[in-house]
$ cat target.cif   # mmCIF, C-alpha atoms
data_protein
loop_
_atom_site.label_atom_id
_atom_site.label_comp_id
_atom_site.auth_asym_id
_atom_site.auth_seq_id
_atom_site.Cartn_x
_atom_site.Cartn_y
_atom_site.Cartn_z
CA MET A 26 151.20 42.16 54.61
CA ASP A 27 148.40 43.58 52.44
CA HIS A 28 145.28 44.76 54.10
CA ILE A 29 143.10 41.84 52.94
CA SER A 30 145.25 39.37 54.89
CA ALA A 31 145.24 41.70 57.87
CA LYS A 32 141.43 41.81 57.75
CA TYR A 33 141.19 38.03 57.79
CA ILE A 34 143.67 37.75 60.66
CA GLY A 35 141.81 40.46 62.57
CA ALA A 36 138.47 38.73 62.05
CA GLY A 37 139.92 35.45 63.28
CA LEU A 38 141.36 37.09 66.37
CA ALA A 39 138.06 38.80 67.12
CA THR A 40 136.35 35.43 67.58
CA MET A 41 138.45 34.82 70.67
CA GLY A 42 135.72 36.73 72.51
CA LEU A 43 133.62 33.59 72.26
CA ILE A 44 135.83 31.91 74.87
CA GLY A 45 134.30 34.08 77.58
CA ALA A 46 130.78 33.53 76.29
CA GLY A 47 131.26 29.77 76.30
CA VAL A 48 132.64 29.74 79.86
CA GLY A 49 129.82 31.97 81.06
CA LEU A 50 127.10 29.82 79.51
CA GLY A 51 128.64 26.67 80.96
CA VAL A 52 128.75 28.19 84.44
CA LEU A 53 125.16 29.42 84.13
CA PHE A 54 123.61 26.19 82.99
CA GLY A 55 125.79 24.06 85.26
CA ASN A 56 124.63 25.99 88.31
CA TYR A 57 121.03 25.81 87.17
CA LEU A 58 121.22 22.04 86.70
CA ALA A 59 122.97 21.48 90.01
CA SER A 60 120.39 23.45 91.93
CA ALA A 61 117.49 22.01 89.91
CA ILE A 62 118.53 18.49 90.90
CA ARG A 63 118.54 19.57 94.53
CA ASN A 64 115.20 21.37 94.44
CA PRO A 65 113.23 20.21 91.42
CA SER A 66 109.94 21.85 92.40
CA ALA A 67 111.49 25.31 92.53
CA ALA A 68 113.39 24.87 89.29
CA ALA A 69 110.51 25.78 86.99
CA SER A 70 109.99 29.14 88.69
CA GLN A 71 113.50 30.23 87.77
CA GLN A 72 113.29 29.31 84.11
CA PRO A 73 112.57 32.87 82.92
CA MET A 74 115.71 33.99 84.77
CA LEU A 75 117.63 31.16 83.13
CA PHE A 76 116.64 32.26 79.64
CA LEU A 77 117.33 35.88 80.50
CA GLY A 78 120.82 35.00 81.71
CA LEU A 79 121.34 32.88 78.59
CA ALA A 80 120.49 35.73 76.25
CA LEU A 81 122.54 38.30 78.14
CA THR A 82 125.63 36.09 78.25
CA GLU A 83 125.28 35.09 74.63
CA ALA A 84 124.97 38.76 73.68
CA LEU A 85 128.59 39.33 74.66
CA GLY A 86 129.70 36.57 72.35
CA ILE A 87 127.57 38.14 69.63
CA PHE A 88 129.37 41.45 70.17
CA ALA A 89 132.61 39.66 69.29
CA LEU A 90 130.95 38.30 66.16
CA VAL A 91 129.75 41.77 65.16
CA MET A 92 133.30 43.09 65.60
CA ALA A 93 134.57 40.33 63.31
CA PHE A 94 131.96 41.26 60.69
CA ILE A 95 132.90 44.94 60.95
CA ILE A 96 136.57 44.08 60.47
CA LEU A 97 135.81 41.85 57.50
CA PHE A 98 133.17 43.73 55.61
CA VAL A 99 133.56 47.44 56.19
CA PRO A 100 135.65 48.73 53.29
CA ILE A 101 138.79 50.70 54.03
CA SER A 102 138.50 54.16 52.51
CA GLY A 103 141.29 56.26 51.06
CA MET B 25 141.40 51.29 44.86
CA ALA B 26 139.58 48.45 43.12
CA LYS B 27 135.88 48.05 43.80
CA ALA B 28 135.32 45.18 46.22
CA PRO B 29 133.10 42.35 44.87
CA PRO B 30 129.68 42.02 46.52
CA ILE B 31 129.95 39.70 49.48
CA ALA B 32 127.41 36.94 49.07
CA PRO B 33 126.04 36.28 52.56
CA MET B 34 125.65 39.98 53.28
CA GLU B 35 123.67 40.72 50.12
CA GLN B 36 120.48 39.48 51.73
CA PHE B 37 120.51 42.49 54.06
CA LEU B 38 120.69 45.12 51.32
CA VAL B 39 117.82 47.61 51.32
CA HIS B 40 116.30 48.21 47.89
CA PRO B 41 113.76 50.90 47.09
CA ILE B 42 110.64 49.46 45.52
CA VAL B 43 108.59 52.61 44.99
CA LYS B 44 110.89 55.55 44.50
CA PHE B 45 109.95 59.03 45.64
CA ALA B 46 112.05 62.13 45.03
CA PRO B 47 114.15 63.13 48.02
CA ILE B 48 112.67 65.97 50.10
CA GLN B 49 114.94 68.72 51.38
CA ILE B 50 114.10 69.95 54.87
CA GLY B 51 116.62 72.42 56.20
CA GLY B 52 119.96 70.74 55.80
CA PHE B 53 118.54 67.21 55.73
CA THR B 54 117.56 65.13 52.74
CA LEU B 55 114.62 62.86 53.41
CA ASP B 56 114.23 59.88 51.15
CA MET B 57 110.72 58.58 51.62
CA SER B 58 110.82 55.78 49.06
CA ILE B 59 109.09 52.56 49.98
CA THR B 60 111.81 49.95 50.37
CA ASN B 61 111.73 46.27 51.21
CA ALA B 62 112.51 47.26 54.80
CA THR B 63 109.43 49.52 54.84
CA LEU B 64 107.29 46.70 53.47
CA ALA B 65 108.61 44.24 56.04
CA MET B 66 107.97 46.58 58.97
CA GLY B 67 104.56 47.66 57.69
CA PHE B 68 103.57 44.06 57.17
CA ALA B 69 104.66 43.20 60.71
CA ALA B 70 102.53 46.05 62.07
CA LEU B 71 99.54 44.83 60.03
CA VAL B 72 100.03 41.26 61.29
CA ILE B 73 100.13 42.38 64.92
CA CYS B 74 97.09 44.65 64.68
CA GLY B 75 95.12 42.12 62.64
CA PHE B 76 95.96 39.22 64.93
CA LEU B 77 95.04 41.12 68.08
CA ALA B 78 91.86 42.51 66.52
CA VAL B 79 90.70 39.03 65.59
CA ALA B 80 91.93 37.18 68.66
CA ALA B 81 90.86 39.56 71.42
CA ARG B 82 87.49 38.00 72.18
CA ARG B 83 85.84 37.62 75.55
CA GLU B 84 84.86 33.99 75.55
CA ILE B 85 85.15 32.41 78.97
CA VAL B 86 86.43 29.25 77.35
CA PRO B 87 88.90 30.60 74.83
CA GLY B 88 89.38 29.21 71.36
CA ARG B 89 92.85 28.59 69.91
CA LEU B 90 93.48 32.11 68.62
CA GLN B 91 92.29 33.74 71.82
CA SER B 92 94.42 31.31 73.84
CA LEU B 93 97.45 32.31 71.85
CA ALA B 94 96.86 36.03 72.35
CA GLU B 95 96.14 35.49 76.05
CA SER B 96 99.28 33.42 76.61
CA LEU B 97 101.41 36.04 74.86
CA PHE B 98 99.90 38.78 77.00
CA ASP B 99 100.25 36.69 80.15
CA LEU B 100 103.89 36.12 79.34
CA ILE B 101 104.47 39.86 79.57
CA ASP B 102 101.94 40.69 82.28
CA ALA B 103 102.24 37.84 84.78
CA THR B 104 105.65 36.31 84.08
CA LEU B 105 107.66 39.41 83.30
CA VAL B 106 106.30 42.74 84.53
CA GLY B 107 104.52 41.34 87.60
CA PRO B 108 107.46 39.64 89.32
CA ILE B 109 109.97 42.30 88.29
CA MET B 110 108.02 45.52 88.84
CA GLY B 111 105.24 44.52 91.17
CA HIS B 112 102.03 46.46 91.39
CA ALA B 113 103.56 49.73 90.20
CA GLY B 114 104.34 48.10 86.90
CA ARG B 115 100.78 47.65 85.63
CA PRO B 116 100.68 50.93 83.64
CA TYR B 117 103.76 49.91 81.67
CA VAL B 118 102.49 46.54 80.45
CA PRO B 119 101.10 47.94 77.15
CA PHE B 120 104.45 49.52 76.32
CA VAL B 121 106.43 46.36 77.07
CA PHE B 122 103.86 44.24 75.23
CA SER B 123 104.11 46.46 72.16
CA ILE B 124 107.89 46.26 72.14
CA PHE B 125 107.73 42.48 72.58
CA MET B 126 105.22 41.92 69.78
CA VAL B 127 107.02 44.23 67.36
CA VAL B 128 110.39 42.57 67.87
CA LEU B 129 108.89 39.07 67.84
CA VAL B 130 106.93 39.50 64.62
CA MET B 131 109.77 41.27 62.79
CA ASN B 132 112.19 38.51 63.80
CA MET B 133 109.78 35.79 62.71
CA MET B 134 108.89 37.40 59.39
CA GLY B 135 112.47 37.05 58.23
CA LEU B 136 112.31 33.31 58.85
CA VAL B 137 108.90 32.22 57.69
CA LEU B 138 107.84 34.67 55.02
CA ALA B 139 108.98 35.13 51.45
CA PHE B 140 108.03 38.29 49.60
CA GLY B 141 108.64 36.83 46.22
CA ASN B 142 111.03 38.64 43.97
CA LEU B 143 110.16 42.13 45.21
CA ALA B 144 113.52 42.41 46.89
CA HIS B 145 115.37 41.51 43.68
CA GLN B 146 118.05 39.72 45.62
CA SER B 147 116.64 37.61 48.36
CA TRP B 148 113.26 36.22 49.12
CA THR B 149 112.96 37.20 52.75
CA PHE B 150 113.85 40.31 54.67
CA THR B 151 114.47 40.54 58.40
CA ALA B 152 113.76 44.08 59.48
CA THR B 153 115.54 43.61 62.79
CA ALA B 154 118.74 42.62 60.98
CA GLN B 155 119.12 46.32 60.14
CA LEU B 156 121.03 48.24 62.78
CA ALA B 157 118.86 51.28 62.02
CA VAL B 158 115.72 49.43 63.11
CA THR B 159 117.17 47.93 66.29
CA ALA B 160 118.86 51.21 67.19
CA THR B 161 115.52 52.99 66.81
CA LEU B 162 113.80 50.48 69.10
CA ALA B 163 116.63 50.77 71.64
CA ILE B 164 116.60 54.57 71.57
CA VAL B 165 112.81 54.65 71.95
CA THR B 166 113.03 52.32 74.96
CA PHE B 167 115.87 54.30 76.51
CA LEU B 168 114.19 57.68 76.03
CA THR B 169 110.93 56.29 77.44
CA VAL B 170 112.79 55.03 80.52
CA VAL B 171 114.56 58.36 81.03
CA ALA B 172 111.36 60.37 80.51
CA ILE B 173 109.41 58.21 82.96
CA GLY B 174 112.30 58.49 85.39
CA PHE B 175 112.23 62.28 85.29
CA ILE B 176 108.44 62.43 85.50
CA LYS B 177 108.31 60.15 88.52
CA ASN B 178 111.41 61.26 90.39
CA GLY B 179 112.28 64.71 89.13
CA LEU B 180 115.94 65.40 89.69
CA GLY B 181 116.03 62.52 92.17
CA LEU B 182 116.67 60.30 89.18
CA PHE B 183 120.36 60.99 89.66
CA ARG B 184 120.17 58.88 92.78
CA LEU B 185 120.37 55.97 90.35
CA PHE B 186 124.08 56.59 90.09
CA THR B 187 124.74 56.79 93.82
CA PRO B 188 124.15 53.41 95.45
CA SER B 189 123.25 53.73 99.10
CA GLY B 190 125.75 53.07 101.82
CA LEU B 191 128.88 54.24 100.02
CA PRO B 192 131.30 56.79 101.55
CA TRP B 193 131.83 59.94 99.51
CA TYR B 194 135.31 59.07 98.26
CA MET B 195 134.06 55.81 96.76
CA LEU B 196 131.13 57.65 95.21
CA LEU B 197 133.60 59.77 93.23
CA MET B 198 134.80 56.62 91.48
CA VAL B 199 131.54 54.68 91.35
CA ALA B 200 129.16 57.36 90.09
CA PRO B 201 130.88 57.94 86.71
CA LEU B 202 131.06 54.19 86.16
CA GLU B 203 127.38 53.81 86.98
CA PHE B 204 126.57 56.67 84.64
CA LEU B 205 128.60 55.08 81.87
CA SER B 206 126.97 51.71 82.32
CA PHE B 207 123.57 53.42 82.23
CA MET B 208 124.34 55.27 79.01
CA ILE B 209 125.67 52.14 77.32
CA ARG B 210 122.27 50.43 77.72
CA PRO B 211 120.72 51.49 74.39
CA VAL B 212 123.92 50.48 72.61
CA THR B 213 123.83 46.98 74.06
CA LEU B 214 120.09 46.66 73.45
CA ALA B 215 120.53 47.52 69.78
CA MET B 216 123.64 45.41 69.27
CA ARG B 217 122.28 42.31 71.00
CA LEU B 218 119.21 42.06 68.77
CA PHE B 219 121.11 43.11 65.63
CA GLY B 220 123.97 40.67 66.20
CA ASN B 221 121.69 37.73 66.92
CA MET B 222 119.63 38.28 63.78
CA ILE B 223 122.63 38.93 61.51
CA GLY B 224 124.59 36.00 62.87
CA GLY B 225 121.73 33.54 62.47
CA HIS B 226 120.94 34.53 58.91
CA VAL B 227 124.57 34.61 57.77
CA VAL B 228 125.25 31.13 59.18
CA MET B 229 122.09 29.77 57.57
CA TYR B 230 123.13 31.31 54.25
CA MET B 231 126.62 29.77 54.44
CA PHE B 232 125.30 26.28 55.10
CA ALA B 233 122.59 26.65 52.51
CA SER B 234 125.17 27.66 49.89
CA PHE B 235 127.08 24.47 50.67
CA ILE B 236 124.06 22.36 49.67
CA VAL B 237 124.02 23.40 46.04
CA GLY B 238 127.75 24.08 45.87
CA LEU B 239 128.74 20.62 47.06
CA GLY B 240 126.00 19.03 44.98
CA VAL B 241 127.27 20.61 41.78
CA PHE B 242 130.80 19.64 42.71
CA GLY B 243 129.74 16.05 43.32
CA LEU B 244 128.35 15.69 39.80
CA GLN B 245 131.89 15.38 38.47
CA GLY B 246 131.90 11.71 39.44
CA GLY B 247 134.54 9.49 40.96
CA ILE B 248 135.55 10.37 44.50
CA ALA B 249 133.59 13.58 44.21
CA TYR B 250 130.38 11.59 44.92
CA LEU B 251 131.34 12.06 48.57
CA ALA B 252 130.28 15.65 48.11
CA PHE B 253 126.68 14.46 48.05
CA ALA B 254 127.10 13.26 51.63
CA GLY B 255 128.38 16.68 52.54
CA SER B 256 125.40 18.19 50.76
CA GLY B 257 123.00 16.02 52.78
CA VAL B 258 124.70 16.95 56.03
CA SER B 259 124.43 20.63 55.09
CA LEU B 260 120.72 20.21 54.44
CA ALA B 261 120.19 18.61 57.85
CA LEU B 262 122.20 21.40 59.44
CA VAL B 263 120.10 24.09 57.73
CA VAL B 264 116.90 22.45 59.03
CA ALA B 265 118.35 22.32 62.55
CA LEU B 266 119.58 25.90 62.27
CA THR B 267 116.16 27.12 61.18
CA GLY B 268 114.67 25.51 64.29
CA LEU B 269 117.35 27.17 66.40
CA GLU B 270 116.67 30.52 64.70
CA LEU B 271 112.97 30.27 65.56
CA ILE B 272 113.91 29.76 69.22
CA VAL B 273 116.40 32.64 69.06
CA ALA B 274 113.80 34.94 67.46
CA PHE B 275 111.38 34.34 70.33
CA LEU B 276 114.12 34.49 72.95
CA GLN B 277 115.54 37.79 71.69
CA ALA B 278 112.09 39.38 71.70
CA PHE B 279 111.60 38.12 75.27
CA VAL B 280 114.99 39.44 76.35
CA PHE B 281 114.36 42.85 74.80
CA ALA B 282 111.07 43.09 76.68
CA ALA B 283 112.68 41.76 79.89
CA LEU B 284 115.46 44.33 79.76
CA ALA B 285 112.96 47.12 79.07
CA THR B 286 111.07 45.95 82.17
CA VAL B 287 114.24 45.85 84.29
CA TYR B 288 115.24 49.37 83.18
CA LEU B 289 111.74 50.64 83.90
CA ASN B 290 111.84 48.99 87.31
CA ASP B 291 115.11 50.79 88.05
CA VAL B 292 113.51 54.19 87.51
CA VAL B 293 109.97 53.51 88.72
CA ASN B 294 110.87 51.72 91.94
CA LEU B 295 113.87 53.93 92.58
CA GLY B 296 115.41 53.37 95.97
CA HIS B 297 112.80 51.05 97.37
CA GLY B 298 111.97 47.55 96.21
CA HIS B 299 108.47 46.65 95.06
#
$ encode --input "target.cif" --output "structure tokens"
Amino acid sequence: MDHISAKYIGAGLATMGLIGAGVGLGVLFGNYLASAIRNPSAAASQQPMLFLGLALTEALGIFALVMAFIILFVPISG
Amino acid sequence: MAKAPPIAPMEQFLVHPIVKFAPIQIGGFTLDMSITNATLAMGFAALVICGFLAVAARREIVPGRLQSLAESLFDLIDATLVGPIMGHAGRPYVPFVFSIFMVVLVMNMMGLVLAFGNLAHQSWTFTATAQLAVTATLAIVTFLTVVAIGFIKNGLGLFRLFTPSGLPWYMLLMVAPLEFLSFMIRPVTLAMRLFGNMIGGHVVMYMFASFIVGLGVFGLQGGIAYLAFAGSGVSLALVVALTGLELIVAFLQAFVFAALATVYLNDVVNLGHGH
């Protein structure tokens, strides 16, 4: 297998990190919705925390994306 | 080894010198002080922030639109972020967090809404925060500020950060190195989060935008290829939606950078006791 094919396969495998990010976001927003339906008046006060949790969880998926870009686009020397 | 062809979506992040200066040798280091498109983007962001705040910081009791905007941005940091997280001890750090927030916000936005014309030779816009050098600098500045404030406020007691209370000594032997590692990884994650979000957004927008013209040219061949025009229209709608999403992400990433800076500051300022 030449290294170009290996790069593409590696980049594809690296996107499996997005599974965890997707599960985490679903859990986060599902819990927020469930508790917001129970206590609607207190829901707005936790919105900053919701967005903070969103960005932190999504960051881990982005790390997988950055790894895929590194595998694809950093040239192999030598 | 053959030279790899330039990769199209990544070309928009290339840094080009616009005004070249000769490299300066200091010790063993070579300093290249040319003005590049990255320099212009960052300098323009600084000018926008200073200009906006100079014009908008009035003292009218009933604020106009510009003053309302500046006040709501400042309130976002002061009352919604630093206040609840750090409490009263956090007031001195609001200017620092506000500066970080405004810098990241304006640099993110400039890559979306502003075109510098053909100065960059390749692309029309430049997102300064899509450069790992810029985000790493911001992350290192934040981290060093947090560590410096921690040492100033707590002296050597800062190392109590790594020893959570109530643990027996044999568990501390395992937990303290892990806590130390997770503390030292903070600037890395700060830099990578902002960098990855900006790069990812712009690359995806570029890919979909290239489909618009690519499919359109393909559809001109006639026959069944007219379906490509439908694909072109869908790509256009997707690029519009993605630009809206990127505006939200730009604001959100600036907010998260500021929020994490506040949380790290709270860890060292309110060490041991809550606010």
$ residues_around --input "target.cif" --residues "A:Leu38" --least-positions-apart "2" --cutoff "12 Å" --atoms "only C-alpha atoms" --output "list in words"
Ala31, Lys32, Tyr33, Ile34, Gly35, Ala36, Thr40, Met41, Gly42, Leu43, Ile44, Ala89, Leu90, Met92, Ala93, Phe94, Ile96 and Leu97 of chain A
$ resolve_selection --input "target.cif" --expression "the PyMOL selection byres ((chain A) within 10 of (chain B))" --output "JSON, numbers by chain"
{"A": [70, 73, 74, 76, 77, 78, 79, 80, 81, 83, 84, 85, 86, 87, 88, 89, 90, 91, 92, 94, 98, 100, 101, 102, 103]}
$ atom_distance --input "target.cif" --atom1 "atom CA of B:Gly135" --atom2 "atom CA of B:Phe150"
5.0 Å
$ residues_around --input "target.cif" --residues "stretch 233-237 of chain B" --least-positions-apart "6" --cutoff "10 Å" --atoms "all atoms listed in the file" --output "list in words"
Ala32, Pro33, Val227, Gly243, Ala252, Phe253, Ala254, Gly255, Ser256, Gly257, Val258, Ser259, Leu260, Ala261, Leu262, Val263 and Val264 of chain B
$ atom_distance --input "target.cif" --atom1 "atom CA of B:Thr267" --atom2 "atom CA of B:Met134"
12.7 Å
$ residues_around --input "target.cif" --residues "B:Asn61" --least-positions-apart "3" --cutoff "7 Å" --atoms "all atoms listed in the file" --output "JSON, numbers by chain"
{"B": [39, 40, 41, 42, 64, 65, 144]}
$ write_last_selection --input "target.cif" --atoms "C-alpha atoms" --output "PDB file, in the coordinates of the input"
ATOM      1  CA  VAL B  39     117.820  47.610  51.320  1.00  0.00           C
ATOM      2  CA  HIS B  40     116.300  48.210  47.890  1.00  0.00           C
ATOM      3  CA  PRO B  41     113.760  50.900  47.090  1.00  0.00           C
ATOM      4  CA  ILE B  42     110.640  49.460  45.520  1.00  0.00           C
ATOM      5  CA  LEU B  64     107.290  46.700  53.470  1.00  0.00           C
ATOM      6  CA  ALA B  65     108.610  44.240  56.040  1.00  0.00           C
ATOM      7  CA  ALA B 144     113.520  42.410  46.890  1.00  0.00           C
TER       8      ALA B 144
END
$ closest_residue --input "target.cif" --among "A:Leu75, A:Val99, A:Ala39, A:Met26" --to "A:Gly55" --atoms "only C-alpha atoms"
A:Leu75
$ axis_aligned_box --input "target.cif" --around "stretch 72-89 of chain A" --padding-each-side "8 Å" --output "AutoDock Vina command-line options"
--center_x 122.6 --center_y 35.4 --center_z 77.0 --size_x 36.0 --size_y 28.1 --size_z 31.5
$ atom_distance --input "target.cif" --atom1 "atom CA of B:Phe122" --atom2 "atom CA of B:Asp102"
8.1 Å
$ residues_around --input "target.cif" --residues "B:Phe98" --least-positions-apart "3" --cutoff "12 Å" --atoms "all atoms listed in the file" --output "PyMOL selection string"
chain B and resi 77+80-81+91-95+101-107+118-126+279+282
$ resolve_selection --input "target.cif" --expression "the PyMOL selection byres ((chain B and resi 159) around 10)" --output "VMD selection string"
chain B and resid 128 152 to 158 160 to 165 211 to 212 214 to 220
$ residues_near_point --input "target.cif" --point "(127.3, 53.7, 96.3)" --cutoff "12 Å" --atoms "all atoms listed in the file" --output "PyMOL selection string"
chain B and resi 184-203+296
$ residues_around --input "target.cif" --residues "B:Lys177" --least-positions-apart "6" --cutoff "12 Å" --atoms "all atoms listed in the file" --output "PDB file with C-alpha atoms, in the frame of the given file"
ATOM      1  CA  ALA B 113     103.560  49.730  90.200  1.00  0.00           C
ATOM      2  CA  VAL B 170     112.790  55.030  80.520  1.00  0.00           C
ATOM      3  CA  VAL B 171     114.560  58.360  81.030  1.00  0.00           C
ATOM      4  CA  LEU B 289     111.740  50.640  83.900  1.00  0.00           C
ATOM      5  CA  ASN B 290     111.840  48.990  87.310  1.00  0.00           C
ATOM      6  CA  ASP B 291     115.110  50.790  88.050  1.00  0.00           C
ATOM      7  CA  VAL B 292     113.510  54.190  87.510  1.00  0.00           C
ATOM      8  CA  VAL B 293     109.970  53.510  88.720  1.00  0.00           C
ATOM      9  CA  ASN B 294     110.870  51.720  91.940  1.00  0.00           C
ATOM     10  CA  LEU B 295     113.870  53.930  92.580  1.00  0.00           C
TER      11      LEU B 295
END
$ resolve_selection --input "target.cif" --expression "the PyMOL selection byres ((chain B and resi 58) around 10)" --output "count of residues only"
15
